[in-house]
file run.pdb (PDB, C-alpha atoms and all ligand atoms)
MODEL        1
ATOM      1  CA  MET A   1      91.870  90.919  77.037
ATOM      2  CA  SER A   2      88.532  89.183  76.656
ATOM      3  CA  ILE A   3      85.536  89.299  78.954
ATOM      4  CA  ALA A   4      85.020  85.983  80.762
ATOM      5  CA  ALA A   5      81.643  84.507  81.552
ATOM      6  CA  GLY A   6      80.978  83.565  85.180
ATOM      7  CA  TYR A   7      82.914  84.675  88.237
ATOM      8  CA  THR A   8      86.187  86.570  87.769
ATOM      9  CA  GLY A   9      88.030  87.846  90.813
ATOM     10  CA  ARG A  10      91.390  89.522  91.141
ATOM     11  CA  PHE A  11      94.152  90.616  93.474
ATOM     12  CA  ALA A  12      95.751  93.927  92.525
ATOM     13  CA  PRO A  13      98.832  94.752  94.607
ATOM     14  CA  SER A  14     100.858  97.938  94.189
ATOM     15  CA  PRO A  15     104.562  97.034  94.076
ATOM     16  CA  THR A  16     105.589  99.441  96.827
ATOM     17  CA  GLY A  17     107.209  96.644  98.860
ATOM     18  CA  PRO A  18     106.891  92.961  99.735
ATOM     19  CA  LEU A  19     103.540  91.421 100.684
ATOM     20  CA  HIS A  20     102.729  91.580 104.406
ATOM     21  CA  PHE A  21     100.142  89.765 106.490
ATOM     22  CA  GLY A  22      97.439  92.340 105.670
ATOM     23  CA  SER A  23      98.002  91.759 101.937
ATOM     24  CA  LEU A  24      97.842  87.993 102.497
ATOM     25  CA  LEU A  25      94.357  88.388 103.988
ATOM     26  CA  ALA A  26      93.146  90.261 100.896
ATOM     27  CA  ALA A  27      94.866  87.884  98.462
ATOM     28  CA  LEU A  28      93.559  84.804 100.257
ATOM     29  CA  ALA A  29      89.974  86.074 100.606
ATOM     30  CA  SER A  30      89.749  87.039  96.931
ATOM     31  CA  TYR A  31      91.399  83.751  95.864
ATOM     32  CA  LEU A  32      89.061  81.573  97.951
ATOM     33  CA  ASP A  33      85.947  83.490  96.988
ATOM     34  CA  ALA A  34      86.834  82.914  93.315
ATOM     35  CA  ARG A  35      87.876  79.282  93.648
ATOM     36  CA  ALA A  36      84.873  78.359  95.820
ATOM     37  CA  ARG A  37      82.665  79.547  92.954
ATOM     38  CA  ASN A  38      84.754  77.854  90.266
ATOM     39  CA  GLY A  39      85.801  81.286  89.144
ATOM     40  CA  ARG A  40      88.914  82.723  87.587
ATOM     41  CA  TRP A  41      91.405  84.590  89.773
ATOM     42  CA  LEU A  42      93.614  87.197  88.125
ATOM     43  CA  ILE A  43      96.632  89.196  89.213
ATOM     44  CA  ARG A  44      97.138  92.808  88.246
ATOM     45  CA  ILE A  45     100.246  94.679  89.282
ATOM     46  CA  GLU A  46      99.273  98.298  89.910
ATOM     47  CA  ASP A  47     102.608  99.872  89.015
ATOM     48  CA  LEU A  48     101.303 103.323  88.171
ATOM     49  CA  ASP A  49     103.353 105.403  90.573
ATOM     50  CA  PRO A  50     107.097 104.821  89.953
ATOM     51  CA  PRO A  51     108.324 107.116  92.771
ATOM     52  CA  ARG A  52     106.484 104.967  95.332
ATOM     53  CA  GLU A  53     107.610 101.642  93.895
ATOM     54  CA  GLN A  54     110.415  99.447  95.128
ATOM     55  CA  PRO A  55     112.714  97.861  92.514
ATOM     56  CA  GLY A  56     112.094  94.121  92.291
ATOM     57  CA  ALA A  57     108.862  94.258  94.339
ATOM     58  CA  SER A  58     106.619  93.016  91.507
ATOM     59  CA  ASP A  59     108.630  89.836  90.994
ATOM     60  CA  GLN A  60     108.925  89.309  94.716
ATOM     61  CA  ILE A  61     105.139  89.630  95.150
ATOM     62  CA  LEU A  62     104.494  87.081  92.383
ATOM     63  CA  LYS A  63     107.030  84.639  93.838
ATOM     64  CA  THR A  64     105.477  84.970  97.288
ATOM     65  CA  LEU A  65     101.980  84.289  95.951
ATOM     66  CA  GLU A  66     103.245  81.167  94.192
ATOM     67  CA  HIS A  67     105.077  80.068  97.294
ATOM     68  CA  PHE A  68     101.854  80.348  99.284
ATOM     69  CA  GLY A  69     100.062  78.229  96.654
ATOM     70  CA  LEU A  70      97.957  81.162  95.435
ATOM     71  CA  HIS A  71      98.223  80.355  91.727
ATOM     72  CA  TRP A  72      96.480  82.711  89.336
ATOM     73  CA  ASP A  73      94.913  82.305  85.917
ATOM     74  CA  GLY A  74      96.180  83.833  82.683
ATOM     75  CA  GLU A  75      98.851  86.450  82.196
ATOM     76  CA  VAL A  76      99.721  88.992  84.865
ATOM     77  CA  VAL A  77      98.555  92.470  83.789
ATOM     78  CA  TYR A  78     100.882  95.406  84.505
ATOM     79  CA  GLN A  79      99.223  98.805  84.608
ATOM     80  CA  SER A  80     102.442 100.435  83.405
ATOM     81  CA  HIS A  81     101.805  98.727  80.040
ATOM     82  CA  ARG A  82      98.342 100.228  79.702
ATOM     83  CA  LEU A  83      98.992 103.967  79.768
ATOM     84  CA  GLU A  84      97.791 104.581  76.207
ATOM     85  CA  HIS A  85      94.496 102.984  77.050
ATOM     86  CA  TYR A  86      94.037 105.179  80.149
ATOM     87  CA  ALA A  87      94.881 108.251  78.056
ATOM     88  CA  GLU A  88      92.100 107.366  75.595
ATOM     89  CA  ILE A  89      89.576 107.033  78.402
ATOM     90  CA  VAL A  90      90.593 110.358  79.939
ATOM     91  CA  GLN A  91      90.197 112.026  76.546
ATOM     92  CA  HIS A  92      86.782 110.429  76.163
ATOM     93  CA  LEU A  93      85.684 111.810  79.575
ATOM     94  CA  LEU A  94      86.991 115.273  78.607
ATOM     95  CA  ASP A  95      85.164 115.138  75.273
ATOM     96  CA  LYS A  96      81.941 114.167  77.026
ATOM     97  CA  LYS A  97      82.412 117.029  79.532
ATOM     98  CA  LEU A  98      82.477 114.455  82.307
ATOM     99  CA  ALA A  99      85.968 115.637  83.244
ATOM    100  CA  TYR A 100      87.773 118.972  83.239
ATOM    101  CA  ARG A 101      91.282 120.367  83.557
ATOM    102  CA  CYS A 102      92.312 121.631  86.968
ATOM    103  CA  ARG A 103      95.434 123.698  87.612
ATOM    104  CA  CYS A 104      95.037 124.053  91.399
ATOM    105  CA  SER A 105      98.173 123.053  93.258
ATOM    106  CA  ARG A 106      98.082 121.214  96.565
ATOM    107  CA  SER A 107      99.168 124.312  98.455
ATOM    108  CA  GLU A 108      96.494 126.471  96.781
ATOM    109  CA  LEU A 109      93.871 123.879  97.644
ATOM    110  CA  LYS A 110      95.118 123.787 101.233
ATOM    111  CA  GLN A 111      94.963 127.571 101.471
ATOM    112  CA  ARG A 112      91.386 127.574 100.223
ATOM    113  CA  ASP A 113      90.475 124.631 102.490
ATOM    114  CA  ALA A 114      89.576 122.700  99.340
ATOM    115  CA  LEU A 115      92.050 119.819  99.530
ATOM    116  CA  TYR A 116      89.508 117.160 100.521
ATOM    117  CA  SER A 117      86.391 118.839  99.241
ATOM    118  CA  TYR A 118      86.955 120.659  95.984
ATOM    119  CA  ASP A 119      85.596 124.205  95.646
ATOM    120  CA  GLY A 120      85.029 124.061  91.875
ATOM    121  CA  TYR A 121      87.569 126.815  91.143
ATOM    122  CA  CYS A 122      88.669 125.445  87.746
ATOM    123  CA  LEU A 123      85.108 124.745  86.681
ATOM    124  CA  SER A 124      84.257 128.422  86.964
ATOM    125  CA  THR A 125      87.719 129.655  85.898
ATOM    126  CA  PRO A 126      89.046 127.264  83.219
ATOM    127  CA  PRO A 127      92.861 127.190  83.107
ATOM    128  CA  ASP A 128      94.887 128.482  80.136
ATOM    129  CA  PRO A 129      95.242 125.845  77.413
ATOM    130  CA  ASP A 130      99.012 125.558  77.992
ATOM    131  CA  ALA A 131      98.872 125.443  81.812
ATOM    132  CA  GLU A 132     100.153 122.276  83.461
ATOM    133  CA  CYS A 133      97.000 120.620  84.720
ATOM    134  CA  ALA A 134      95.500 117.665  86.489
ATOM    135  CA  ILE A 135      92.184 116.274  85.269
ATOM    136  CA  ARG A 136      89.194 115.881  87.538
ATOM    137  CA  THR A 137      86.103 113.909  86.835
ATOM    138  CA  ARG A 138      82.713 115.293  87.752
ATOM    139  CA  CYS A 139      80.495 113.764  90.389
ATOM    140  CA  SER A 140      76.772 114.264  90.144
ATOM    141  CA  ASP A 141      74.753 114.695  93.318
ATOM    142  CA  ASN A 142      73.452 111.149  93.168
ATOM    143  CA  LEU A 143      72.887 109.044  96.178
ATOM    144  CA  LEU A 144      75.135 106.083  95.447
ATOM    145  CA  THR A 145      74.395 102.797  97.176
ATOM    146  CA  PHE A 146      75.669  99.285  96.930
ATOM    147  CA  GLU A 147      75.302  96.102  98.898
ATOM    148  CA  ASP A 148      78.735  95.137 100.161
ATOM    149  CA  LEU A 149      79.103  91.349 100.332
ATOM    150  CA  ILE A 150      80.760  91.593 103.755
ATOM    151  CA  GLN A 151      80.023  95.033 105.221
ATOM    152  CA  GLY A 152      76.346  95.237 104.208
ATOM    153  CA  ARG A 153      74.559  98.170 102.595
ATOM    154  CA  GLN A 154      76.712 101.257 101.924
ATOM    155  CA  SER A 155      75.632 104.649 100.737
ATOM    156  CA  TRP A 156      77.168 107.998  99.893
ATOM    157  CA  GLN A 157      75.517 111.238  98.901
ATOM    158  CA  HIS A 158      77.792 112.866  96.315
ATOM    159  CA  ASP A 159      78.004 116.581  96.679
ATOM    160  CA  THR A 160      78.028 118.164  93.200
ATOM    161  CA  GLY A 161      81.430 119.684  92.469
ATOM    162  CA  ARG A 162      82.780 119.118  95.986
ATOM    163  CA  ASP A 163      83.469 115.419  95.314
ATOM    164  CA  ASP A 164      84.997 115.880  91.854
ATOM    165  CA  PHE A 165      88.171 113.817  92.019
ATOM    166  CA  ILE A 166      91.481 113.537  90.198
ATOM    167  CA  ILE A 167      91.856 110.919  87.458
ATOM    168  CA  PHE A 168      95.094 112.288  85.989
ATOM    169  CA  ARG A 169      97.668 113.954  88.206
ATOM    170  CA  ARG A 170      99.514 117.197  87.553
ATOM    171  CA  ASP A 171     102.784 115.256  87.713
ATOM    172  CA  GLY A 172     101.697 113.281  84.630
ATOM    173  CA  LEU A 173     100.600 110.053  86.346
ATOM    174  CA  PHE A 174      97.217 108.398  85.968
ATOM    175  CA  ALA A 175      95.324 108.073  89.226
ATOM    176  CA  TYR A 176      94.502 104.745  90.862
ATOM    177  CA  GLN A 177      90.747 105.450  90.604
ATOM    178  CA  LEU A 178      90.818 105.649  86.842
ATOM    179  CA  ALA A 179      93.106 102.697  86.191
ATOM    180  CA  VAL A 180      91.310 100.373  88.598
ATOM    181  CA  VAL A 181      87.921 100.995  86.966
ATOM    182  CA  VAL A 182      89.242 100.705  83.414
ATOM    183  CA  ASP A 183      91.149  97.495  84.177
ATOM    184  CA  ASP A 184      88.482  95.759  86.250
ATOM    185  CA  HIS A 185      86.210  96.294  83.264
ATOM    186  CA  ALA A 186      88.782  95.274  80.634
ATOM    187  CA  GLN A 187      89.630  92.099  82.552
ATOM    188  CA  GLY A 188      85.970  91.157  82.973
ATOM    189  CA  VAL A 189      86.178  91.306  86.772
ATOM    190  CA  THR A 190      82.813  90.459  88.307
ATOM    191  CA  SER A 191      83.781  90.363  91.994
ATOM    192  CA  VAL A 192      86.186  92.553  93.921
ATOM    193  CA  ILE A 193      87.182  91.287  97.368
ATOM    194  CA  ARG A 194      89.700  93.627  99.022
ATOM    195  CA  GLY A 195      90.530  95.514 102.215
ATOM    196  CA  SER A 196      87.964  97.842 103.773
ATOM    197  CA  ASP A 197      90.481 100.710 103.661
ATOM    198  CA  LEU A 198      89.237 100.980 100.038
ATOM    199  CA  LEU A 199      85.537 101.097 100.906
ATOM    200  CA  ASP A 200      85.153 104.859 100.400
ATOM    201  CA  GLU A 201      87.041 104.667  97.117
ATOM    202  CA  THR A 202      84.345 102.322  95.837
ATOM    203  CA  PHE A 203      81.888 105.225  95.512
ATOM    204  CA  ARG A 204      84.290 107.042  93.198
ATOM    205  CA  GLN A 205      84.671 103.852  91.211
ATOM    206  CA  LEU A 206      80.881 103.530  90.927
ATOM    207  CA  GLN A 207      80.734 107.094  89.644
ATOM    208  CA  LEU A 208      83.343 106.404  86.974
ATOM    209  CA  GLN A 209      81.649 103.154  85.951
ATOM    210  CA  HIS A 210      78.461 105.153  85.531
ATOM    211  CA  HIS A 211      80.225 107.770  83.358
ATOM    212  CA  LEU A 212      81.785 105.064  81.202
ATOM    213  CA  GLY A 213      78.685 102.852  80.917
ATOM    214  CA  TYR A 214      80.451  99.912  82.584
ATOM    215  CA  PRO A 215      78.608  97.348  84.694
ATOM    216  CA  THR A 216      79.461  97.495  88.402
ATOM    217  CA  PRO A 217      81.145  94.385  89.821
ATOM    218  CA  GLU A 218      80.037  93.043  93.205
ATOM    219  CA  TYR A 219      82.238  94.309  96.049
ATOM    220  CA  GLY A 220      83.182  92.758  99.375
ATOM    221  CA  HIS A 221      85.480  94.585 101.781
ATOM    222  CA  ILE A 222      87.272  92.465 104.350
ATOM    223  CA  PRO A 223      88.278  94.031 107.668
ATOM    224  CA  ILE A 224      91.797  95.411 107.827
ATOM    225  CA  LEU A 225      94.426  94.487 110.337
ATOM    226  CA  LEU A 226      95.846  97.097 112.630
ATOM    227  CA  ASN A 227      99.236  97.097 114.311
ATOM    228  CA  ARG A 228      99.765  97.746 118.023
ATOM    229  CA  LEU A 229      99.571 101.492 117.404
ATOM    230  CA  GLY A 230      96.155 101.085 115.814
ATOM    231  CA  GLN A 231      97.544 101.829 112.337
ATOM    232  CA  LYS A 232      96.632  99.849 109.230
ATOM    233  CA  LEU A 233      99.317  97.283 108.405
ATOM    234  CA  SER A 234     100.903  98.698 105.311
ATOM    235  CA  LYS A 235     104.146  98.909 103.445
ATOM    236  CA  GLN A 236     104.308 102.622 104.389
ATOM    237  CA  ASN A 237     104.382 101.872 108.107
ATOM    238  CA  LEU A 238     106.840  99.059 107.537
ATOM    239  CA  ALA A 239     104.680  96.010 108.199
ATOM    240  CA  PRO A 240     107.015  93.004 108.149
ATOM    241  CA  ALA A 241     107.134  90.953 104.944
ATOM    242  CA  LEU A 242     105.472  87.531 104.881
ATOM    243  CA  ILE A 243     107.824  84.751 105.902
ATOM    244  CA  THR A 244     107.815  82.335 102.985
ATOM    245  CA  ASP A 245     109.080  79.330 104.934
ATOM    246  CA  GLN A 246     106.096  79.680 107.278
ATOM    247  CA  ALA A 247     103.476  79.725 104.543
ATOM    248  CA  VAL A 248     101.146  77.132 106.101
ATOM    249  CA  LYS A 249     101.251  78.756 109.544
ATOM    250  CA  GLN A 250     100.431  82.174 108.083
ATOM    251  CA  LEU A 251      97.711  80.807 105.807
ATOM    252  CA  TRP A 252      96.153  79.008 108.780
ATOM    253  CA  GLU A 253      96.281  82.170 110.870
ATOM    254  CA  ALA A 254      94.766  84.209 108.014
ATOM    255  CA  LEU A 255      91.932  81.676 107.624
ATOM    256  CA  ASN A 256      91.270  81.914 111.315
ATOM    257  CA  LEU A 257      91.064  85.723 111.161
ATOM    258  CA  LEU A 258      88.732  85.412 108.174
ATOM    259  CA  GLY A 259      86.349  83.449 110.406
ATOM    260  CA  GLN A 260      86.816  80.131 108.593
ATOM    261  CA  ASN A 261      87.621  78.188 111.758
ATOM    262  CA  PRO A 262      90.308  75.842 110.363
ATOM    263  CA  ASP A 263      91.008  72.816 112.518
ATOM    264  CA  PRO A 264      94.368  73.115 114.374
ATOM    265  CA  SER A 265      95.428  69.782 112.827
ATOM    266  CA  LEU A 266      95.538  71.542 109.434
ATOM    267  CA  GLN A 267      98.629  73.404 110.613
ATOM    268  CA  SER A 268     100.644  70.318 109.687
ATOM    269  CA  ALA A 269      99.052  70.032 106.214
ATOM    270  CA  SER A 270     100.757  71.282 103.050
ATOM    271  CA  SER A 271      99.694  74.683 101.695
ATOM    272  CA  THR A 272      97.904  72.900  98.798
ATOM    273  CA  GLU A 273      95.932  70.713 101.232
ATOM    274  CA  LEU A 274      95.084  73.687 103.416
ATOM    275  CA  LEU A 275      93.914  75.763 100.439
ATOM    276  CA  ASP A 276      91.864  72.823  99.118
ATOM    277  CA  TRP A 277      90.187  72.502 102.519
ATOM    278  CA  ALA A 278      89.580  76.263 102.647
ATOM    279  CA  THR A 279      88.094  76.321  99.136
ATOM    280  CA  THR A 280      85.687  73.515  99.934
ATOM    281  CA  HIS A 281      84.675  75.027 103.285
ATOM    282  CA  TRP A 282      84.738  78.720 102.314
ATOM    283  CA  GLN A 283      81.982  80.676 104.008
ATOM    284  CA  ARG A 284      82.007  84.293 103.023
ATOM    285  CA  ASN A 285      79.292  85.108 105.543
ATOM    286  CA  CYS A 286      81.618  84.061 108.408
ATOM    287  CA  ILE A 287      84.112  86.860 107.649
ATOM    288  CA  PRO A 288      83.891  89.356 110.509
ATOM    289  CA  ARG A 289      83.178  92.999 109.650
ATOM    290  CA  THR A 290      85.963  94.234 111.899
ATOM    291  CA  LEU A 291      89.066  92.691 113.410
ATOM    292  CA  ALA A 292      90.497  93.136 116.856
ATOM    293  CA  ILE A 293      93.919  94.774 116.939
ATOM    294  CA  ARG A 294      96.565  92.172 116.293
ATOM    295  CA  SER A 295      99.018  92.158 119.165
ATOM    296  CA  SER A 296     101.916  90.212 117.640
ATOM    297  CA  GLY A 297     103.830  93.362 116.790
ATOM    298  CA  SER A 298     103.338  93.088 113.024
TER     299      SER A 298
HETATM  300  N1  LIG B   1      96.593  98.485  94.428
HETATM  301  C1  LIG B   1      95.806  98.676  95.621
HETATM  302  C2  LIG B   1      96.653  98.364  96.843
HETATM  303  O1  LIG B   1      97.674  97.700  96.735
HETATM  304  C3  LIG B   1      94.589  97.780  95.678
HETATM  305  C4  LIG B   1      93.580  98.165  94.674
HETATM  306  C5  LIG B   1      92.284  97.383  94.686
HETATM  307  O2  LIG B   1      92.236  96.234  95.174
HETATM  308  O3  LIG B   1      91.317  97.918  94.172
HETATM  309  O4  LIG B   1      96.286  98.812  97.906
ENDMDL
END

call {"tool": "encode", "arguments": {"input": "run.pdb", "output": "structure tokens"}}
result
Amino acid sequence: MSIAAGYTGRFAPSPTGPLHFGSLLAALASYLDARARNGRWLIRIEDLDPPREQPGASDQILKTLEHFGLHWDGEVVYQSHRLEHYAEIVQHLLDKKLAYRCRCSRSELKQRDALYSYDGYCLSTPPDPDAECAIRTRCSDNLLTFEDLIQGRQSWQHDTGRDDFIIFRRDGLFAYQLAVVVDDHAQGVTSVIRGSDLLDETFRQLQLQHHLGYPTPEYGHIPILLNRLGQKLSKQNLAPALITDQAVKQLWEALNLLGQNPDPSLQSASSTELLDWATTHWQRNCIPRTLAIRSSGS
């Protein structure tokens, strides 16, 4: 993969099920932000966690994107093909003492009230060399800040040791945090537009970029949609799949929620015409920071 000059955006779905309306918002916002700036738009399938994946979901996601007219540039990248690369980076972080082995199980962490805020046990008591271990990366007590393109200034005071997070799991899988940072860098991604459920994760990604000497892309977090119960629309809580024969209607509705104010007459346009209109008229600063609960039952 080569680093592109100019704007490079991406959409990075996990193939845990079909795309739903919440995923369409993220795909559409990242697509339009890239196209409005004459940028490239890439697709990366984040298939790192086989037990959570649904057979056939990757192909279905790609077909749905094409059906909605969201055509990407270049080859689709599959994280499952990049494991050797992640392993090299983990080894590099271990060698640099920016990561360490951790043998604490979930239940031990729970017992010690250290599940969400690590107590540094394996830093002070290194595990036996042959123990089955996860790998944590270290967080320094920096104040991390970034200017979110949609949500405004964000900051996080890392708590030394307490915020050390997993980059390789005890069950042998690489963690999302590691793969996303390595791949955004390898694909030359300059701009990440995604759901605000990932806002807090961004600080961990900044920390890893710092460890690895990578430049930080610009980030914009769009508001997430909630269902009638106030839960995030997600594959886990069975958000309904996008209806491919209603692509224009759903694109129009998504544009409306993204604050782009499409004219109602555009509902009878083709998806290509609607996306062309949306690219020309894209106004990132009109995206609301939060969304009202969507009442349609999805
Ligand atoms: N794969 C993640 C998801 O489907 C998105 C990761 C990202 O955009 O950084 O929720």

call {"tool": "residues_near_ligand", "arguments": {"input": "run.pdb", "ligand": "ligand LIG 1 (chain B)", "cutoff": "7 Å", "atoms": "only C-alpha atoms and all ligand atoms", "output": "list in words"}}
result
Phe11, Ala12, Pro13, Ser14, Glu46, Val180, Arg194 and Leu198 of chain A

call {"tool": "write_last_selection", "arguments": {"input": "run.pdb", "atoms": "C-alpha atoms", "output": "CSV table (one decimal), in the coordinates of the input"}}
result
chain,number,residue,atom,x,y,z
A,11,PHE,CA,94.2,90.6,93.5
A,12,ALA,CA,95.8,93.9,92.5
A,13,PRO,CA,98.8,94.8,94.6
A,14,SER,CA,100.9,97.9,94.2
A,46,GLU,CA,99.3,98.3,89.9
A,180,VAL,CA,91.3,100.4,88.6
A,194,ARG,CA,89.7,93.6,99.0
A,198,LEU,CA,89.2,101.0,100.0

call {"tool": "resolve_selection", "arguments": {"input": "run.pdb", "expression": "the PyMOL selection byres (((chain A and resi 191) around 7) and not hetatm)", "output": "NGL selection string"}}
result
:A and (7-9 or 189-190 or 192-193 or 217-219)

call {"tool": "resolve_selection", "arguments": {"input": "run.pdb", "expression": "the PyMOL selection byres (((chain A and resi 86-98) around 8) and not hetatm)", "output": "list in words"}}
result
Arg82, Leu83, Glu84, His85, Ala99, Tyr100, Thr137, Arg138, Ile167, Phe168, Phe174, Leu178, Ala179, Val182, His211 and Leu212 of chain A

call {"tool": "resolve_selection", "arguments": {"input": "run.pdb", "expression": "the PyMOL selection byres (((chain A and resi 123-134) around 8) and not hetatm)", "output": "count of residues only"}}
result
17

call {"tool": "atom_distance", "arguments": {"input": "run.pdb", "atom1": "atom CA of A:Ile222", "atom2": "atom CA of A:Leu32"}}
result
12.8 Å

call {"tool": "atom_distance", "arguments": {"input": "run.pdb", "atom1": "atom CA of A:Gln283", "atom2": "atom CA of A:Asp33"}}
result
8.5 Å

call {"tool": "closest_residue", "arguments": {"input": "run.pdb", "among": "A:Thr145, A:Ile150, A:Ser80, A:His185", "to": "A:Ala29", "atoms": "only C-alpha atoms"}}
result
A:Ile150

call {"tool": "atom_distance", "arguments": {"input": "run.pdb", "atom1": "atom CA of A:Thr160", "atom2": "atom CA of A:Pro215"}}
result
22.5 Å

call {"tool": "closest_residue", "arguments": {"input": "run.pdb", "among": "A:Thr202, A:Gly74, A:Arg40, A:Pro223", "to": "A:Ser23", "atoms": "only C-alpha atoms"}}
result
A:Pro223

call {"tool": "closest_residue", "arguments": {"input": "run.pdb", "among": "A:Ser265, A:Ser155, A:Gln207, A:Ser30", "to": "A:Arg284", "atoms": "all atoms listed in the file"}}
result
A:Ser30
